[in-house]
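The next block is upload.pdb, given as PDB, C-alpha atoms.
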ATOM      1  CA  MET A   1      26.387 -25.063   7.241
ATOM      2  CA  PRO A   2      24.286 -25.196   4.047
ATOM      3  CA  LYS A   3      22.835 -22.087   2.564
ATOM      4  CA  VAL A   4      19.546 -22.484   0.800
ATOM      5  CA  THR A   5      18.584 -20.090  -1.979
ATOM      6  CA  ILE A   6      15.003 -18.897  -1.649
ATOM      7  CA  ALA A   7      14.793 -15.917  -4.053
ATOM      8  CA  GLN A   8      11.123 -15.267  -3.387
ATOM      9  CA  ASN A   9       9.166 -12.067  -3.004
ATOM     10  CA  ILE A  10       8.183 -11.556   0.614
ATOM     11  CA  LEU A  11       4.686 -10.408  -0.333
ATOM     12  CA  ALA A  12       4.329 -13.100  -3.031
ATOM     13  CA  ALA A  13       1.308 -14.633  -1.267
ATOM     14  CA  ASN A  14      -0.489 -11.257  -1.296
ATOM     15  CA  ASP A  15       0.542 -10.538  -4.894
ATOM     16  CA  THR A  16      -0.741 -13.929  -6.077
ATOM     17  CA  ILE A  17      -4.185 -13.279  -4.575
ATOM     18  CA  ALA A  18      -4.179  -9.721  -5.939
ATOM     19  CA  HIS A  19      -3.391 -11.073  -9.403
ATOM     20  CA  GLU A  20      -6.280 -13.567  -9.167
ATOM     21  CA  ILE A  21      -8.636 -10.742  -8.129
ATOM     22  CA  GLN A  22      -7.494  -8.584 -11.044
ATOM     23  CA  GLN A  23      -7.999 -11.441 -13.515
ATOM     24  CA  SER A  24     -11.459 -12.379 -12.244
ATOM     25  CA  LEU A  25     -12.628  -8.731 -12.334
ATOM     26  CA  ALA A  26     -11.095  -8.055 -15.756
ATOM     27  CA  VAL A  27     -12.957 -10.929 -17.446
ATOM     28  CA  ARG A  28     -16.206  -9.429 -16.143
ATOM     29  CA  GLY A  29     -15.253  -5.989 -17.455
ATOM     30  CA  ILE A  30     -15.173  -4.478 -13.954
ATOM     31  CA  ARG A  31     -12.767  -1.574 -13.369
ATOM     32  CA  THR A  32     -11.324  -1.280  -9.854
ATOM     33  CA  ILE A  33     -10.100   1.771  -7.977
ATOM     34  CA  ASN A  34      -8.193   1.731  -4.672
ATOM     35  CA  ILE A  35      -8.684   5.043  -2.819
ATOM     36  CA  MET A  36      -6.164   5.931  -0.125
ATOM     37  CA  SER A  37      -5.572   8.964   2.110
ATOM     38  CA  SER A  38      -4.925  10.003   5.684
ATOM     39  CA  PRO A  39      -7.930   9.801   8.073
ATOM     40  CA  GLY A  40     -10.421  12.610   7.476
ATOM     41  CA  ALA A  41      -9.177  13.707   4.046
ATOM     42  CA  GLY A  42     -12.660  13.147   2.627
ATOM     43  CA  LYS A  43     -12.550   9.737   0.906
ATOM     44  CA  THR A  44     -16.067   8.757   1.981
ATOM     45  CA  THR A  45     -17.655  12.119   1.136
ATOM     46  CA  LEU A  46     -15.932  12.118  -2.268
ATOM     47  CA  LEU A  47     -17.306   8.632  -2.888
ATOM     48  CA  GLU A  48     -20.824   9.605  -1.771
ATOM     49  CA  ARG A  49     -20.899  12.544  -4.186
ATOM     50  CA  THR A  50     -19.380  10.481  -7.010
ATOM     51  CA  ILE A  51     -21.961   7.712  -6.592
ATOM     52  CA  GLU A  52     -24.802  10.258  -6.509
ATOM     53  CA  ARG A  53     -23.525  11.908  -9.703
ATOM     54  CA  LEU A  54     -23.022   8.593 -11.494
ATOM     55  CA  HIS A  55     -26.510   7.455 -10.516
ATOM     56  CA  GLY A  56     -28.195   8.694 -13.674
ATOM     57  CA  TYR A  57     -25.220   7.854 -15.907
ATOM     58  CA  ARG A  58     -25.950   5.341 -18.634
ATOM     59  CA  GLY A  59     -23.069   3.773 -20.514
ATOM     60  CA  TYR A  60     -23.301   1.416 -23.468
ATOM     61  CA  ARG A  61     -24.078  -1.424 -21.049
ATOM     62  CA  GLY A  62     -26.912   0.449 -19.341
ATOM     63  CA  GLN A  63     -26.745   1.994 -15.876
ATOM     64  CA  LEU A  64     -23.347   1.714 -14.229
ATOM     65  CA  GLY A  65     -23.596  -0.491 -11.137
ATOM     66  CA  ILE A  66     -21.127   0.457  -8.398
ATOM     67  CA  GLY A  67     -19.757  -1.812  -5.698
ATOM     68  CA  VAL A  68     -17.816  -0.447  -2.735
ATOM     69  CA  ILE A  69     -15.578  -2.241  -0.260
ATOM     70  CA  GLU A  70     -15.224  -0.055   2.822
ATOM     71  CA  GLY A  71     -12.122  -0.555   4.920
ATOM     72  CA  ASP A  72     -12.210   0.748   8.467
ATOM     73  CA  VAL A  73     -10.545  -0.259  11.704
ATOM     74  CA  GLU A  74     -13.908  -0.247  13.496
ATOM     75  CA  THR A  75     -17.619   0.653  12.878
ATOM     76  CA  SER A  76     -19.851   0.324   9.826
ATOM     77  CA  ALA A  77     -20.672   4.057   9.767
ATOM     78  CA  ASP A  78     -19.036   4.667   6.374
ATOM     79  CA  ALA A  79     -20.620   1.616   4.745
ATOM     80  CA  GLU A  80     -24.043   2.911   5.839
ATOM     81  CA  ARG A  81     -23.325   6.298   4.226
ATOM     82  CA  ILE A  82     -22.174   4.699   0.971
ATOM     83  CA  GLU A  83     -25.124   2.311   0.863
ATOM     84  CA  ALA A  84     -27.481   5.255   1.376
ATOM     85  CA  ALA A  85     -25.820   6.957  -1.607
ATOM     86  CA  GLY A  86     -26.808   3.984  -3.764
ATOM     87  CA  ALA A  87     -23.889   1.539  -4.058
ATOM     88  CA  GLU A  88     -23.709  -2.096  -3.092
ATOM     89  CA  THR A  89     -21.417  -2.030  -0.061
ATOM     90  CA  VAL A  90     -19.379  -4.471   2.008
ATOM     91  CA  GLN A  91     -17.674  -3.348   5.208
ATOM     92  CA  ILE A  92     -14.317  -4.750   6.269
ATOM     93  CA  ASN A  93     -13.317  -4.069   9.878
ATOM     94  CA  THR A  94      -9.614  -4.769  10.346
ATOM     95  CA  ARG A  95      -9.811  -4.580  14.186
ATOM     96  CA  GLY A  96      -6.551  -2.719  14.475
ATOM     97  CA  ALA A  97      -4.673  -3.588  11.267
ATOM     98  CA  CYS A  98      -3.447  -0.464   9.472
ATOM     99  CA  HIS A  99      -4.092  -1.517   5.853
ATOM    100  CA  LEU A 100      -6.189  -3.822   3.659
ATOM    101  CA  GLU A 101      -4.649  -7.005   2.227
ATOM    102  CA  ALA A 102      -5.645  -8.908  -0.910
ATOM    103  CA  HIS A 103      -7.217 -11.862   0.931
ATOM    104  CA  MET A 104      -9.623  -9.444   2.683
ATOM    105  CA  ILE A 105     -10.734  -8.153  -0.724
ATOM    106  CA  ARG A 106     -11.181 -11.715  -2.045
ATOM    107  CA  ASP A 107     -13.448 -12.552   0.906
ATOM    108  CA  ALA A 108     -15.413  -9.291   0.557
ATOM    109  CA  LEU A 109     -15.963  -9.893  -3.181
ATOM    110  CA  ALA A 110     -17.817 -13.121  -2.339
ATOM    111  CA  GLU A 111     -20.533 -10.908  -0.820
ATOM    112  CA  ILE A 112     -20.960  -8.672  -3.884
ATOM    113  CA  ASP A 113     -23.125  -9.582  -6.892
ATOM    114  CA  LEU A 114     -20.441  -9.009  -9.542
ATOM    115  CA  ALA A 115     -22.917  -9.391 -12.395
ATOM    116  CA  ARG A 116     -24.538  -6.128 -11.280
ATOM    117  CA  ILE A 117     -21.479  -3.873 -11.112
ATOM    118  CA  GLY A 118     -19.168  -2.257 -13.648
ATOM    119  CA  LEU A 119     -17.097  -0.258 -11.170
ATOM    120  CA  LEU A 120     -15.568  -1.450  -7.901
ATOM    121  CA  VAL A 121     -14.161   1.072  -5.443
ATOM    122  CA  ILE A 122     -12.042  -0.016  -2.497
ATOM    123  CA  GLU A 123     -11.838   2.604   0.233
ATOM    124  CA  ASN A 124      -8.659   1.764   2.090
ATOM    125  CA  ILE A 125      -7.887   2.413   5.776
ATOM    126  CA  GLY A 126      -7.107   6.086   6.473
ATOM    127  CA  ASN A 127      -3.308   5.932   6.547
ATOM    128  CA  LEU A 128      -0.637   7.438   4.283
ATOM    129  CA  VAL A 129       1.996   4.776   5.003
ATOM    130  CA  CYS A 130       1.026   1.096   5.070
ATOM    131  CA  PRO A 131      -1.670   0.747   2.348
ATOM    132  CA  SER A 132       0.902   1.762  -0.297
ATOM    133  CA  ALA A 133       2.734  -1.577   0.025
ATOM    134  CA  TRP A 134      -0.226  -3.910  -0.525
ATOM    135  CA  ASN A 135      -1.474  -4.664  -4.006
ATOM    136  CA  LEU A 136      -5.229  -5.357  -3.952
ATOM    137  CA  GLY A 137      -5.722  -6.208  -7.627
ATOM    138  CA  GLU A 138      -6.820  -2.672  -8.520
ATOM    139  CA  ASP A 139      -6.546  -1.000 -11.952
ATOM    140  CA  LEU A 140      -5.958   2.455 -10.491
ATOM    141  CA  ARG A 141      -4.553   3.817  -7.246
ATOM    142  CA  VAL A 142      -5.923   7.192  -6.174
ATOM    143  CA  VAL A 143      -4.567   9.236  -3.281
ATOM    144  CA  VAL A 144      -6.693  12.012  -1.750
ATOM    145  CA  VAL A 145      -5.047  14.908   0.085
ATOM    146  CA  SER A 146      -6.932  17.794   1.670
ATOM    147  CA  THR A 147      -5.697  21.354   2.009
ATOM    148  CA  THR A 148      -6.204  21.236   5.795
ATOM    149  CA  GLU A 149      -3.450  18.626   6.073
ATOM    150  CA  GLY A 150      -0.852  21.130   4.875
ATOM    151  CA  ASP A 151       1.174  21.068   1.662
ATOM    152  CA  ASP A 152       3.998  18.884   2.960
ATOM    153  CA  LYS A 153       2.287  15.474   2.764
ATOM    154  CA  PRO A 154       3.801  14.296  -0.565
ATOM    155  CA  ALA A 155       7.274  15.124   0.778
ATOM    156  CA  LYS A 156       6.616  13.432   4.132
ATOM    157  CA  TYR A 157       4.921  10.291   2.762
ATOM    158  CA  PRO A 158       6.615   9.818  -0.627
ATOM    159  CA  GLN A 159       5.879   6.087  -1.153
ATOM    160  CA  MET A 160       2.122   6.683  -1.186
ATOM    161  CA  PHE A 161       2.421   9.365  -3.854
ATOM    162  CA  ALA A 162       4.984   7.355  -5.845
ATOM    163  CA  VAL A 163       2.675   4.322  -6.170
ATOM    164  CA  SER A 164      -0.493   6.291  -7.025
ATOM    165  CA  GLN A 165      -1.500   7.237 -10.560
ATOM    166  CA  VAL A 166      -4.009   9.938  -9.545
ATOM    167  CA  MET A 167      -3.915  12.565  -6.802
ATOM    168  CA  ILE A 168      -7.061  14.453  -5.787
ATOM    169  CA  VAL A 169      -6.712  17.680  -3.795
ATOM    170  CA  ASN A 170      -9.785  18.030  -1.594
ATOM    171  CA  LYS A 171     -11.295  20.829   0.569
ATOM    172  CA  LEU A 172     -10.139  23.573  -1.783
ATOM    173  CA  ASP A 173     -12.895  25.803  -0.340
ATOM    174  CA  LEU A 174     -10.995  25.822   2.976
ATOM    175  CA  LEU A 175      -7.769  27.010   1.367
ATOM    176  CA  PRO A 176      -8.153  30.710   2.350
ATOM    177  CA  LEU A 177      -9.023  29.714   5.925
ATOM    178  CA  ASN A 178      -6.116  27.286   6.049
ATOM    179  CA  LEU A 179      -3.687  29.961   4.894
ATOM    180  CA  ARG A 180      -4.919  32.235   7.674
ATOM    181  CA  CYS A 181      -4.386  29.416  10.198
ATOM    182  CA  CYS A 182      -0.849  28.869   8.889
ATOM    183  CA  ILE A 183      -0.045  32.555   9.220
ATOM    184  CA  ARG A 184      -1.538  32.612  12.704
ATOM    185  CA  ALA A 185       0.481  29.534  13.722
ATOM    186  CA  ARG A 186       3.634  31.170  12.412
ATOM    187  CA  LEU A 187       2.845  34.364  14.309
ATOM    188  CA  ASN A 188       2.260  32.333  17.467
ATOM    189  CA  ASP A 189       5.634  30.643  16.967
ATOM    190  CA  GLU A 190       7.328  34.002  16.808
ATOM    191  CA  VAL A 191       5.400  35.275  19.829
ATOM    192  CA  ASN A 192       6.328  32.196  21.851
ATOM    193  CA  ARG A 193       9.967  32.554  20.966
TER     194      ARG A 193
ATOM    195  CA  MET B   1       3.959   0.222  10.882
ATOM    196  CA  HIS B   2       3.399  -2.759   8.564
ATOM    197  CA  GLU B   3       6.824  -4.248   9.358
ATOM    198  CA  LEU B   4       5.149  -6.795  11.648
ATOM    199  CA  ALA B   5       3.023  -8.068   8.746
ATOM    200  CA  ILE B   6       6.163  -8.211   6.554
ATOM    201  CA  ALA B   7       8.029 -10.139   9.276
ATOM    202  CA  GLN B   8       5.124 -12.604   9.524
ATOM    203  CA  SER B   9       5.256 -13.164   5.746
ATOM    204  CA  ILE B  10       9.012 -13.814   5.957
ATOM    205  CA  LEU B  11       8.513 -16.384   8.731
ATOM    206  CA  GLU B  12       5.771 -18.192   6.788
ATOM    207  CA  ILE B  13       8.035 -18.567   3.746
ATOM    208  CA  VAL B  14      11.097 -19.565   5.787
ATOM    209  CA  GLU B  15       9.152 -22.119   7.879
ATOM    210  CA  THR B  16       7.776 -23.762   4.717
ATOM    211  CA  ARG B  17      11.186 -23.944   3.065
ATOM    212  CA  ALA B  18      12.884 -25.142   6.286
ATOM    213  CA  ALA B  19      10.403 -28.027   6.505
ATOM    214  CA  GLU B  20      11.132 -28.949   2.856
ATOM    215  CA  TYR B  21      14.840 -29.207   3.681
ATOM    216  CA  HIS B  22      14.201 -31.032   6.993
ATOM    217  CA  ALA B  23      16.050 -28.261   8.828
ATOM    218  CA  THR B  24      16.469 -28.669  12.576
ATOM    219  CA  HIS B  25      17.473 -25.045  12.973
ATOM    220  CA  VAL B  26      17.501 -21.918  10.841
ATOM    221  CA  LYS B  27      20.653 -19.939  11.623
ATOM    222  CA  GLY B  28      19.821 -16.871   9.612
ATOM    223  CA  VAL B  29      17.954 -15.245   6.767
ATOM    224  CA  ARG B  30      19.187 -12.798   4.138
ATOM    225  CA  LEU B  31      16.865 -10.274   2.509
ATOM    226  CA  ARG B  32      17.154  -7.798  -0.347
ATOM    227  CA  ILE B  33      15.079  -4.658   0.174
ATOM    228  CA  GLY B  34      14.796  -1.609  -2.050
ATOM    229  CA  GLU B  35      15.231   1.834  -0.514
ATOM    230  CA  ALA B  36      12.024   3.008  -2.235
ATOM    231  CA  ILE B  37       9.810   0.344  -0.683
ATOM    232  CA  GLY B  38       9.518   2.255   2.592
ATOM    233  CA  ILE B  39      10.518  -0.477   5.031
ATOM    234  CA  VAL B  40      12.087   0.647   8.318
ATOM    235  CA  THR B  41      14.848  -1.939   8.684
ATOM    236  CA  ASP B  42      15.330  -1.449  12.443
ATOM    237  CA  SER B  43      11.633  -2.023  12.967
ATOM    238  CA  LEU B  44      11.632  -5.070  10.684
ATOM    239  CA  THR B  45      14.623  -6.546  12.561
ATOM    240  CA  PHE B  46      12.847  -5.928  15.878
ATOM    241  CA  CYS B  47       9.661  -7.675  14.643
ATOM    242  CA  PHE B  48      11.707 -10.541  13.163
ATOM    243  CA  GLU B  49      13.545 -11.109  16.461
ATOM    244  CA  MET B  50      10.300 -10.946  18.419
ATOM    245  CA  LEU B  51       8.604 -13.561  16.203
ATOM    246  CA  THR B  52      11.637 -15.880  15.881
ATOM    247  CA  SER B  53      12.069 -15.962  19.663
ATOM    248  CA  LEU B  54       8.690 -17.746  19.819
ATOM    249  CA  ASP B  55       9.697 -20.355  17.231
ATOM    250  CA  PRO B  56      12.038 -23.227  18.289
ATOM    251  CA  ILE B  57      13.377 -23.769  14.725
ATOM    252  CA  LEU B  58      14.127 -20.074  14.207
ATOM    253  CA  ALA B  59      15.144 -19.006  17.736
ATOM    254  CA  GLY B  60      18.196 -16.748  17.654
ATOM    255  CA  ALA B  61      18.300 -16.512  13.844
ATOM    256  CA  TYR B  62      20.123 -13.513  12.427
ATOM    257  CA  LEU B  63      18.557 -11.214   9.833
ATOM    258  CA  ARG B  64      20.842  -9.690   7.197
ATOM    259  CA  ILE B  65      19.371  -7.018   4.968
ATOM    260  CA  ASP B  66      20.989  -5.924   1.696
ATOM    261  CA  ILE B  67      19.666  -2.486   0.784
ATOM    262  CA  VAL B  68      19.210  -1.704  -2.915
ATOM    263  CA  PRO B  69      19.692   2.018  -3.599
ATOM    264  CA  HIS B  70      16.975   3.982  -5.402
ATOM    265  CA  ARG B  71      18.055   4.640  -9.023
ATOM    266  CA  ALA B  72      16.210   5.948 -12.073
ATOM    267  CA  ARG B  73      16.938   6.423 -15.775
ATOM    268  CA  CYS B  74      15.923   9.603 -17.593
ATOM    269  CA  CYS B  75      13.560   9.028 -20.535
ATOM    270  CA  HIS B  76      15.006  12.028 -22.401
ATOM    271  CA  CYS B  77      18.790  11.754 -22.119
ATOM    272  CA  ALA B  78      19.045   8.154 -20.789
ATOM    273  CA  LYS B  79      21.246   9.206 -17.882
ATOM    274  CA  GLU B  80      21.032   6.866 -14.904
ATOM    275  CA  PHE B  81      21.045   8.725 -11.587
ATOM    276  CA  PRO B  82      20.529   8.129  -7.848
ATOM    277  CA  VAL B  83      17.145   9.266  -6.499
ATOM    278  CA  VAL B  84      17.255  11.168  -3.226
ATOM    279  CA  ASN B  85      14.044  11.536  -1.184
ATOM    280  CA  PHE B  86      11.905  10.382  -4.143
ATOM    281  CA  VAL B  87      12.732  13.471  -6.202
ATOM    282  CA  THR B  88      13.018  11.855  -9.654
ATOM    283  CA  ARG B  89      14.318  14.803 -11.640
ATOM    284  CA  CYS B  90      17.199  14.178 -14.027
ATOM    285  CA  PRO B  91      20.297  16.026 -12.728
ATOM    286  CA  LEU B  92      21.604  16.412 -16.307
ATOM    287  CA  CYS B  93      18.683  17.648 -18.425
ATOM    288  CA  GLU B  94      16.322  18.493 -15.496
ATOM    289  CA  GLU B  95      13.383  16.564 -17.015
ATOM    290  CA  TRP B  96      10.931  14.747 -14.726
ATOM    291  CA  SER B  97      10.108  11.845 -17.043
ATOM    292  CA  ASN B  98      11.993   8.685 -16.060
ATOM    293  CA  GLU B  99      11.760   5.013 -15.236
ATOM    294  CA  ILE B 100      12.816   3.398 -11.985
ATOM    295  CA  VAL B 101      15.872   1.159 -12.503
ATOM    296  CA  CYS B 102      15.898  -0.515  -9.114
ATOM    297  CA  SER B 103      14.734  -0.218  -5.502
ATOM    298  CA  THR B 104      11.309  -1.846  -5.470
ATOM    299  CA  GLU B 105      12.778  -5.201  -4.338
ATOM    300  CA  LEU B 106      11.304  -6.959  -1.328
ATOM    301  CA  GLN B 107      12.814 -10.423  -1.453
ATOM    302  CA  ILE B 108      14.148 -13.282   0.644
ATOM    303  CA  LEU B 109      17.459 -14.257  -0.951
ATOM    304  CA  GLU B 110      18.556 -17.234   1.126
ATOM    305  CA  MET B 111      18.601 -18.864   4.527
ATOM    306  CA  GLU B 112      21.306 -20.707   6.425
ATOM    307  CA  ILE B 113      20.154 -23.984   7.966
ATOM    308  CA  GLU B 114      21.271 -26.949  10.065
ATOM    309  CA  SER B 115      19.718 -30.256   9.168
ATOM    310  CA  SER B 116      19.879 -33.705  10.709
TER     311      SER B 116
END
In structure tokens, how does this file's structure come out?
Amino acid sequence: MPKVTIAQNILAANDTIAHEIQQSLAVRGIRTINIMSSPGAGKTTLLERTIERLHGYRGYRGQLGIGVIEGDVETSADAERIEAAGAETVQINTRGACHLEAHMIRDALAEIDLARIGLLVIENIGNLVCPSAWNLGEDLRVVVVSTTEGDDKPAKYPQMFAVSQVMIVNKLDLLPLNLRCCIRARLNDEVNR
Amino acid sequence: MHELAIAQSILEIVETRAAEYHATHVKGVRLRIGEAIGIVTDSLTFCFEMLTSLDPILAGAYLRIDIVPHRARCCHCAKEFPVVNFVTRCPLCEEWSNEIVCSTELQILEMEIESS
């Protein structure tokens, strides 16, 4: 019974496309950020505020044009918010898939005028597990965690935090409230026991 | 949760290579997967069996998975140490700065085939 050596990366097809994306964006001087978090951590709001703040920013190449690829399982609600904030936006609906893959980004990029942007932001599907495994051709991976999720997320979802270069802690204003909730939950535990 | 997508990628590669070798049947596939890559091997095996059962060339194929342990090397004292639960702190000098030695593998090593 012959054995055939394959020695190939399982996600080689995805990595090849991701590499092509990275190359084509790099030659145009476009920097790319892949933002990931659990659902409701505040990725879209963070992006809205960032785009609004960068609106008046002028770099050496003039005003910074921002393109956003919005990943969601369903609806175009987030893309509408981002577009209203002033970025060129493409919505990807995965119809159930739990992460974005490089070929989805390649197709979405065909709908963006790359000559007009200097920054591309990919908002991944809200999920702390699957998006960590798929390279999208980004320069930087950013993970957003919010205080309301509790402080155990990096320990519970280590891959996501291991592959990211930046972590943003969001909803700091809710920290006092969250602590009270934690104490209350602990009290309830003791009462129920 | 993305084990199904991984299993589909494995099948695509194996089907292509099986056709190249004019295989009539693929008896099994061997993988090498790093501990740090976050793949649930039971789930991957389940997805693999589900997909191969629909494919006449791959029906009944076994899946063997070699796990590569998570190891890192300290950038200060150069000690190589096993990483447990992603805590990459050097056990010798207690520094956090290190490089991953192995465990990010996600590869198909080989397949066993029957050909006419």
| Residue neighbourhood Glu149 of chain A, 10 Å, only C-alpha atoms, exclusion window fewer than 5 positions, as a ChimeraX atom specification | /A:38,40-41,170-171,178
Could you dump the residues just selected with C-alpha atoms as a PDB file, in the coordinates of the input?
ATOM      1  CA  SER A  38      -4.925  10.003   5.684  1.00  0.00           C
ATOM      2  CA  GLY A  40     -10.421  12.610   7.476  1.00  0.00           C
ATOM      3  CA  ALA A  41      -9.177  13.707   4.046  1.00  0.00           C
ATOM      4  CA  ASN A 170      -9.785  18.030  -1.594  1.00  0.00           C
ATOM      5  CA  LYS A 171     -11.295  20.829   0.569  1.00  0.00           C
ATOM      6  CA  ASN A 178      -6.116  27.286   6.049  1.00  0.00           C
TER       7      ASN A 178
END
| task | Within 8 Å of Ser103 of chain B, counting only C-alpha atoms, which residues show up once you throw out same-chain ones fewer than 3 positions away? Write them as a ChimeraX atom specification, please. | result | /B:33-37,68-71,100
| request: Translate the ChimeraX specification (/B :<10) & /A, as applied to the file shown, into an explicit residue set as JSON, numbers by chain. | output: {"A": [1, 2, 3, 4, 5, 6, 7, 8, 9, 10, 11, 12, 13, 14, 97, 98, 99, 129, 130, 131, 132, 133, 134, 154, 155, 156, 157, 158, 159, 160, 161, 162, 163]}
| said: Please list as number ranges by chain every residue within 12 Å of Glu80 of chain A, counting only C-alpha atoms and excluding residues in the same chain fewer than 5 positions away. | reply: A: 44, 48, 68-70, 75, 85-91
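If you measure from each of B:Ser53, B:Thr16, B:Asn98, B:Thr104 to Cys75 of chain B using only C-alpha atoms, the closest one turns out to be B:Asn98.
What separates atom CA of Ile35 of chain A from atom CA of Thr50 of chain A is a distance of 12.7 Å.
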| task | Take the PyMOL selection byres ((chain A and resi 137-147) around 9), apply it to the structure above, and return the hits as a PyMOL selection string. | result | chain A and resi 15+17-23+25+31-38+40-43+102+105+120-122+128+135-136+148-151+153-154+160-161+163-175+178
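Counting all atoms listed in the file, the residue from B:Glu94, B:Cys102, B:His25, B:Lys79 that sits nearest to Gly60 of chain B is B:His25.
Counting only C-alpha atoms, the residue from B:Ala59, B:Ile67, B:Cys47, B:Cys77 that sits nearest to Arg89 of chain B is B:Cys77.
Across the model, the gap from atom CA of Thr94 of chain A to atom CA of Asp72 of chain A is 6.4 Å.
As for atom CA of Leu51 of chain B and atom CA of Arg64 of chain B, they are spaced 15.7 Å apart.
The environment of Ile30 of chain A within 6 Å, counting all atoms listed in the file and disregarding residues fewer than 2 places along the same chain, consists of Leu25, Ala26, Arg28, Gly118 and Leu119 of chain A.
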